[in-house]
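One file, start.txt, is given below (compact mmCIF, C-alpha atoms).
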```txt
# COMPACT_ATOMS: atom_id res chain seq x y z
CA MET T 1 -19.17 17.41 -6.91
CA ASP T 2 -20.68 14.82 -9.24
CA PRO T 3 -23.57 13.06 -7.40
CA ASN T 4 -22.66 9.79 -9.16
CA HIS T 5 -19.08 10.03 -7.92
CA ASN T 6 -18.55 7.40 -5.23
CA PRO T 7 -14.93 7.07 -4.10
CA LYS T 8 -15.74 3.94 -2.10
CA LYS T 9 -16.74 2.16 -5.32
CA GLU T 10 -13.85 3.59 -7.31
CA ILE T 11 -11.34 1.32 -5.58
CA HIS T 12 -12.45 -1.52 -7.86
CA ARG T 13 -11.74 0.65 -10.92
CA PHE T 14 -8.40 1.65 -9.39
CA HIS T 15 -7.41 -2.02 -8.96
CA GLU T 16 -8.39 -2.77 -12.56
CA GLU T 17 -6.20 0.11 -13.76
CA ILE T 18 -3.27 -1.21 -11.73
CA ASP T 19 -3.72 -4.68 -13.24
CA GLN T 20 -3.76 -3.16 -16.74
CA ALA T 21 -0.62 -1.12 -16.01
CA VAL T 22 1.20 -4.14 -14.53
CA ALA T 23 0.27 -6.50 -17.40
CA PRO T 24 2.95 -5.26 -19.86
CA LEU T 25 5.63 -5.56 -17.16
CA LEU T 26 4.57 -9.11 -16.40
CA GLN T 27 4.58 -9.95 -20.08
CA GLU T 28 8.02 -8.42 -20.60
CA LEU T 29 9.57 -10.01 -17.51
CA GLY T 30 7.37 -13.13 -17.41
CA ASN T 31 9.82 -16.02 -17.35
CA LYS T 32 12.28 -14.09 -15.17
CA LEU T 33 9.79 -13.67 -12.33
CA GLN T 34 9.39 -16.55 -9.93
CA CYS T 35 6.06 -15.26 -8.63
CA GLY T 36 3.02 -17.46 -9.13
CA LYS T 37 0.21 -19.23 -7.34
CA GLY T 38 1.50 -20.60 -4.08
CA CYS T 39 4.58 -18.37 -4.00
CA HIS T 40 4.18 -16.36 -0.84
CA ALA T 41 7.69 -15.19 0.03
CA CYS T 42 6.49 -11.56 -0.06
CA CYS T 43 3.22 -12.28 1.76
CA VAL T 44 4.31 -11.11 5.18
CA ASP T 45 2.23 -10.44 8.24
CA ASN T 46 1.23 -6.99 9.49
CA ILE T 47 0.59 -5.51 6.04
CA THR T 48 -1.67 -2.49 6.31
CA VAL T 49 -4.00 -1.04 3.70
CA PHE T 50 -6.16 2.04 3.47
CA GLU T 51 -9.73 1.71 4.73
CA ALA T 52 -10.98 1.98 1.11
CA GLU T 53 -9.20 -1.27 0.21
CA ALA T 54 -10.18 -2.88 3.51
CA ASP T 55 -13.84 -2.12 2.76
CA ARG T 56 -13.57 -3.78 -0.65
CA ILE T 57 -12.20 -6.91 1.01
CA ARG T 58 -14.96 -6.80 3.65
CA GLN T 59 -17.62 -6.55 0.93
CA GLN T 60 -16.20 -9.11 -1.49
CA ALA T 61 -14.80 -11.66 0.95
CA ALA T 62 -17.24 -11.53 3.84
CA GLU T 63 -17.44 -15.32 4.14
CA ILE T 64 -13.64 -15.71 4.19
CA LEU T 65 -13.45 -13.18 7.02
CA THR T 66 -15.47 -15.53 9.24
CA ARG T 67 -12.81 -18.23 8.87
CA THR T 68 -9.57 -18.63 10.72
CA PRO T 69 -6.77 -16.50 9.34
CA HIS T 70 -3.47 -18.03 8.24
CA PRO T 71 -1.15 -18.43 11.25
CA VAL T 72 0.80 -15.39 12.38
CA GLY T 73 4.02 -14.83 10.47
CA LYS T 74 2.56 -14.82 6.97
CA CYS T 75 -0.35 -12.90 5.43
CA ALA T 76 -3.63 -13.76 7.11
CA PHE T 77 -5.25 -14.37 3.72
CA LEU T 78 -3.05 -17.26 2.62
CA ASP T 79 -4.65 -20.69 2.40
CA GLN T 80 -2.97 -23.92 3.51
CA GLU T 81 -1.17 -24.24 0.16
CA GLY T 82 0.15 -20.66 0.29
CA ALA T 83 -2.30 -19.27 -2.28
CA CYS T 84 -4.18 -16.01 -1.77
CA ARG T 85 -7.80 -16.44 -0.72
CA ILE T 86 -8.68 -12.89 -1.84
CA TYR T 87 -6.64 -12.74 -5.04
CA ALA T 88 -9.36 -10.97 -7.07
CA TYR T 89 -9.80 -8.36 -4.31
CA ARG T 90 -6.20 -8.14 -3.14
CA PRO T 91 -4.92 -4.66 -2.28
CA TYR T 92 -2.66 -2.50 -4.40
CA CYS T 93 0.56 -3.50 -2.61
CA CYS T 94 -0.09 -7.15 -3.47
CA ARG T 95 -0.79 -6.36 -7.13
CA THR T 96 2.76 -5.08 -7.65
CA GLN T 97 4.69 -7.50 -5.41
CA GLY T 98 7.54 -9.30 -7.08
CA LEU T 99 8.01 -6.66 -9.75
CA PRO T 100 11.22 -4.65 -9.95
CA LEU T 101 10.41 -1.50 -7.98
CA ARG T 102 11.98 1.92 -8.42
CA TRP T 103 11.54 5.20 -6.58
CA LEU T 104 13.19 8.56 -6.31
CA ASP T 105 14.42 10.08 -3.09
CA ASP T 106 12.47 13.33 -2.68
CA ASP T 107 15.45 15.27 -1.36
CA SER T 108 18.31 14.09 -3.54
CA GLU T 109 16.35 12.70 -6.51
CA ASN T 110 18.56 9.61 -6.34
CA GLU T 111 16.94 6.55 -7.85
CA TYR T 112 16.57 3.42 -5.75
CA ARG T 113 15.49 -0.04 -6.84
CA ASP T 114 14.45 -3.24 -5.14
CA ILE T 115 12.97 -6.61 -6.01
CA CYS T 116 11.86 -9.79 -4.27
CA PRO T 117 14.98 -11.86 -3.50
CA LEU T 118 13.47 -14.78 -5.44
CA ASN T 119 13.47 -12.64 -8.58
CA ASP T 120 16.78 -10.90 -7.92
CA GLU T 121 18.90 -13.75 -9.25
CA HIS T 122 17.14 -13.61 -12.64
CA LEU T 123 17.18 -9.84 -13.19
CA ASP T 124 19.96 -7.28 -13.05
CA LEU T 125 18.29 -4.28 -11.42
CA GLU T 126 21.22 -2.02 -12.27
CA THR T 127 20.86 -2.47 -16.04
CA LEU T 128 17.11 -3.02 -16.20
CA PRO T 129 15.44 -0.26 -18.26
CA GLU T 130 13.27 2.13 -16.28
CA SER T 131 10.29 0.98 -18.34
CA HIS T 132 10.71 -2.53 -16.92
CA CYS T 133 10.27 -1.31 -13.33
CA TRP T 134 7.18 -0.33 -11.38
CA THR T 135 7.70 3.27 -10.30
CA LEU T 136 6.51 3.97 -6.77
CA GLY T 137 4.98 7.34 -5.95
CA PRO T 138 2.36 8.47 -8.48
CA VAL T 139 0.00 5.53 -8.04
CA GLU T 140 0.26 5.63 -4.27
CA SER T 141 -0.77 9.29 -4.45
CA GLN T 142 -3.88 8.28 -6.41
CA LEU T 143 -4.74 5.70 -3.76
CA GLN T 144 -4.26 8.27 -1.00
CA GLN T 145 -6.58 10.63 -2.85
CA LEU T 146 -9.26 7.92 -3.15
CA GLN T 147 -8.92 7.24 0.56
CA TRP T 148 -9.18 10.91 1.44
CA GLN T 149 -12.26 11.40 -0.78
CA ALA T 150 -14.02 8.40 0.74
CA TYR T 151 -13.02 8.77 4.39
CA GLU T 152 -11.35 12.18 4.83
CA ASN T 153 -8.42 10.51 6.59
CA HIS T 154 -5.43 8.32 5.86
CA HIS T 155 -6.36 5.59 8.34
CA ARG T 156 -4.78 2.21 7.61
CA VAL T 157 -6.00 -1.24 8.65
CA ARG T 158 -3.95 -4.37 9.30
CA LEU T 159 -5.14 -7.14 6.98
CA ARG T 160 -5.17 -9.60 9.88
CA ASP T 161 -7.56 -7.31 11.78
CA LEU T 162 -10.23 -7.76 9.10
CA PHE T 163 -10.95 -11.28 10.33
CA HIS T 164 -13.75 -11.97 12.75
CA PRO T 165 -13.86 -15.76 13.09
CA SER T 166 -17.22 -17.10 14.16
CA GLU T 167 -17.92 -20.68 15.13
CA SER T 168 -16.57 -21.70 11.72
CA THR T 169 -12.83 -22.29 11.98
CA GLN T 170 -12.12 -23.53 8.47
CA PRO T 171 -8.95 -22.11 6.91
```

Just give me the structure of the file as structure tokens.
Amino acid sequence: MDPNHNPKKEIHRFHEEIDQAVAPLLQELGNKLQCGKGCHACCVDNITVFEAEADRIRQQAAEILTRTPHPVGKCAFLDQEGACRIYAYRPYCCRTQGLPLRWLDDDSENEYRDICPLNDEHLDLETLPESHCWTLGPVESQLQQLQWQAYENHHRVRLRDLFHPSESTQP
């Protein structure tokens, strides 16, 4: 194994690669997507992430984790205006939210698609070219591999559980 190989640090590179892969989709679909700063329809509570992504948030957003999380019902990392407080360090699942998603059923190889309801009225998923959808499966396998290399498990962490409010209770 390469002594310079550090899977715990590779999560940052992984997130950059996701952003680069998503960029053409966002450019192609741009004005049809309703997602933007303050839109938090998809930012639900109880989202879990692999420990590798949780560690990146712990390292990069330590001060935020001492504050009070957003009230239960929405993502703990939303601010009072509905914007993400950890946008630069957000996990993989948040980096692809709002995009048209597609996946194949392992058993039947049937294709399935889904999209945020806010974007559904502006896009016809049935006729949308495959290249205009984010395909689930391969990238998640990469993330699982990073997790396994760093931690030798597939342990997931609830985003809300990352908070440890101290005497500071600022949102």

Under the rule that all atoms listed in the file are counted, which of T:Cys93, T:Leu29, T:Leu104, T:Leu99 is the nearest residue to Thr48 (chain T)?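 For Thr48 (chain T), the nearest of the candidates is T:Cys93.
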
Using all atoms listed in the file, can you tell me which of T:Leu78, T:Val49, T:Val157, T:Leu26 comes closest to Leu143 (chain T)?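 Selected residue with least distance to Leu143 (chain T): T:Val49.
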
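Coordinates place CA of His164 (chain T) at a distance of 22.4 Å from CA of Tyr151 (chain T).
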
Skip Lys74 (chain T) itself and residues of its chain fewer than 6 positions away, then list as a CSV table (one decimal) with C-alpha atoms, keeping the file's coordinate frame all residues within 12 Å of it, counting all atoms listed in the file.
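The new file out-v4.csv reads:
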```
chain,number,residue,atom,x,y,z
T,39,CYS,CA,4.6,-18.4,-4.0
T,40,HIS,CA,4.2,-16.4,-0.8
T,41,ALA,CA,7.7,-15.2,0.0
T,42,CYS,CA,6.5,-11.6,-0.1
T,43,CYS,CA,3.2,-12.3,1.8
T,44,VAL,CA,4.3,-11.1,5.2
T,45,ASP,CA,2.2,-10.4,8.2
T,46,ASN,CA,1.2,-7.0,9.5
T,47,ILE,CA,0.6,-5.5,6.0
T,80,GLN,CA,-3.0,-23.9,3.5
T,82,GLY,CA,0.2,-20.7,0.3
T,83,ALA,CA,-2.3,-19.3,-2.3
T,84,CYS,CA,-4.2,-16.0,-1.8
T,159,LEU,CA,-5.1,-7.1,7.0
T,160,ARG,CA,-5.2,-9.6,9.9
```

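Residue nearest Ala52 (chain T), chosen from T:Gln97, T:Ser131, T:Thr66, T:Asn6 and counting all atoms listed in the file: T:Asn6.
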
Expected residue set, 12 Å radius at (5.1, -12.7, -10.9), all atoms listed in the file, as a PDB file with C-alpha atoms, in the coordinates of the input:
```
ATOM      1  CA  VAL T  22       1.200  -4.140 -14.530  1.00  0.00           C
ATOM      2  CA  ALA T  23       0.270  -6.500 -17.400  1.00  0.00           C
ATOM      3  CA  PRO T  24       2.950  -5.260 -19.860  1.00  0.00           C
ATOM      4  CA  LEU T  25       5.630  -5.560 -17.160  1.00  0.00           C
ATOM      5  CA  LEU T  26       4.570  -9.110 -16.400  1.00  0.00           C
ATOM      6  CA  GLN T  27       4.580  -9.950 -20.080  1.00  0.00           C
ATOM      7  CA  GLU T  28       8.020  -8.420 -20.600  1.00  0.00           C
ATOM      8  CA  LEU T  29       9.570 -10.010 -17.510  1.00  0.00           C
ATOM      9  CA  GLY T  30       7.370 -13.130 -17.410  1.00  0.00           C
ATOM     10  CA  ASN T  31       9.820 -16.020 -17.350  1.00  0.00           C
ATOM     11  CA  LYS T  32      12.280 -14.090 -15.170  1.00  0.00           C
ATOM     12  CA  LEU T  33       9.790 -13.670 -12.330  1.00  0.00           C
ATOM     13  CA  GLN T  34       9.390 -16.550  -9.930  1.00  0.00           C
ATOM     14  CA  CYS T  35       6.060 -15.260  -8.630  1.00  0.00           C
ATOM     15  CA  GLY T  36       3.020 -17.460  -9.130  1.00  0.00           C
ATOM     16  CA  LYS T  37       0.210 -19.230  -7.340  1.00  0.00           C
ATOM     17  CA  GLY T  38       1.500 -20.600  -4.080  1.00  0.00           C
ATOM     18  CA  CYS T  39       4.580 -18.370  -4.000  1.00  0.00           C
ATOM     19  CA  HIS T  40       4.180 -16.360  -0.840  1.00  0.00           C
ATOM     20  CA  ALA T  41       7.690 -15.190   0.030  1.00  0.00           C
ATOM     21  CA  CYS T  42       6.490 -11.560  -0.060  1.00  0.00           C
ATOM     22  CA  CYS T  94      -0.090  -7.150  -3.470  1.00  0.00           C
ATOM     23  CA  ARG T  95      -0.790  -6.360  -7.130  1.00  0.00           C
ATOM     24  CA  THR T  96       2.760  -5.080  -7.650  1.00  0.00           C
ATOM     25  CA  GLN T  97       4.690  -7.500  -5.410  1.00  0.00           C
ATOM     26  CA  GLY T  98       7.540  -9.300  -7.080  1.00  0.00           C
ATOM     27  CA  LEU T  99       8.010  -6.660  -9.750  1.00  0.00           C
ATOM     28  CA  PRO T 100      11.220  -4.650  -9.950  1.00  0.00           C
ATOM     29  CA  ILE T 115      12.970  -6.610  -6.010  1.00  0.00           C
ATOM     30  CA  CYS T 116      11.860  -9.790  -4.270  1.00  0.00           C
ATOM     31  CA  LEU T 118      13.470 -14.780  -5.440  1.00  0.00           C
ATOM     32  CA  ASN T 119      13.470 -12.640  -8.580  1.00  0.00           C
TER      33      ASN T 119
END
```

Env of Lys9 (chain T): 10 Å cut, atoms = all atoms listed in the file, seq-sep filter 5 positions within chain, self excluded. Answer as a ChimeraX atom specification. /T:14,52-53,55-56,146,150

Once N, CA and C atoms are restored for region 29-52 of chain T, what would the output be as a tab-separated table (two decimals), in the coordinates of the input?
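Final output, rebuild34.tsv:
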```tsv
chain	number	residue	atom	x	y	z
T	29	LEU	N	8.66	-9.35	-18.45
T	29	LEU	CA	9.57	-10.01	-17.51
T	29	LEU	C	9.18	-11.45	-17.23
T	30	GLY	N	8.00	-11.85	-17.68
T	30	GLY	CA	7.37	-13.13	-17.41
T	30	GLY	C	8.22	-14.27	-16.92
T	31	ASN	N	9.07	-14.82	-17.76
T	31	ASN	CA	9.82	-16.02	-17.35
T	31	ASN	C	10.95	-15.72	-16.39
T	32	LYS	N	11.22	-14.46	-16.13
T	32	LYS	CA	12.28	-14.09	-15.17
T	32	LYS	C	11.73	-13.91	-13.76
T	33	LEU	N	10.41	-13.83	-13.65
T	33	LEU	CA	9.79	-13.67	-12.33
T	33	LEU	C	9.38	-15.03	-11.79
T	34	GLN	N	9.70	-15.27	-10.57
T	34	GLN	CA	9.39	-16.55	-9.93
T	34	GLN	C	8.03	-16.54	-9.25
T	35	CYS	N	7.36	-15.41	-9.29
T	35	CYS	CA	6.06	-15.26	-8.63
T	35	CYS	C	5.01	-16.10	-9.34
T	36	GLY	N	4.12	-16.67	-8.58
T	36	GLY	CA	3.02	-17.46	-9.13
T	36	GLY	C	2.18	-17.99	-8.00
T	37	LYS	N	1.11	-18.67	-8.35
T	37	LYS	CA	0.21	-19.23	-7.34
T	37	LYS	C	0.99	-20.11	-6.38
T	38	GLY	N	0.82	-19.84	-5.12
T	38	GLY	CA	1.50	-20.60	-4.08
T	38	GLY	C	2.81	-19.98	-3.62
T	39	CYS	N	3.38	-19.08	-4.43
T	39	CYS	CA	4.58	-18.37	-4.00
T	39	CYS	C	4.12	-17.29	-3.03
T	40	HIS	N	4.62	-17.33	-1.83
T	40	HIS	CA	4.18	-16.36	-0.84
T	40	HIS	C	5.34	-15.79	-0.03
T	41	ALA	N	6.52	-15.74	-0.65
T	41	ALA	CA	7.69	-15.19	0.03
T	41	ALA	C	7.47	-13.74	0.45
T	42	CYS	N	6.74	-12.98	-0.36
T	42	CYS	CA	6.49	-11.56	-0.06
T	42	CYS	C	5.24	-11.34	0.79
T	43	CYS	N	4.49	-12.38	1.05
T	43	CYS	CA	3.22	-12.28	1.76
T	43	CYS	C	3.46	-12.30	3.27
T	44	VAL	N	3.94	-11.20	3.76
T	44	VAL	CA	4.31	-11.11	5.18
T	44	VAL	C	3.12	-10.68	6.02
T	45	ASP	N	3.27	-10.83	7.30
T	45	ASP	CA	2.23	-10.44	8.24
T	45	ASP	C	2.32	-8.93	8.49
T	46	ASN	N	1.30	-8.39	9.08
T	46	ASN	CA	1.23	-6.99	9.49
T	46	ASN	C	1.19	-6.00	8.33
T	47	ILE	N	0.80	-6.45	7.15
T	47	ILE	CA	0.59	-5.51	6.04
T	47	ILE	C	-0.64	-4.67	6.37
T	48	THR	N	-0.53	-3.38	6.10
T	48	THR	CA	-1.67	-2.49	6.31
T	48	THR	C	-2.13	-1.93	4.97
T	49	VAL	N	-3.41	-1.63	4.90
T	49	VAL	CA	-4.00	-1.04	3.70
T	49	VAL	C	-4.91	0.10	4.13
T	50	PHE	N	-5.20	0.99	3.19
T	50	PHE	CA	-6.16	2.04	3.47
T	50	PHE	C	-7.54	1.44	3.69
T	51	GLU	N	-8.37	2.15	4.43
T	51	GLU	CA	-9.73	1.71	4.73
T	51	GLU	C	-10.52	1.43	3.45
T	52	ALA	N	-10.27	2.19	2.38
T	52	ALA	CA	-10.98	1.98	1.11
T	52	ALA	C	-10.74	0.57	0.59
```
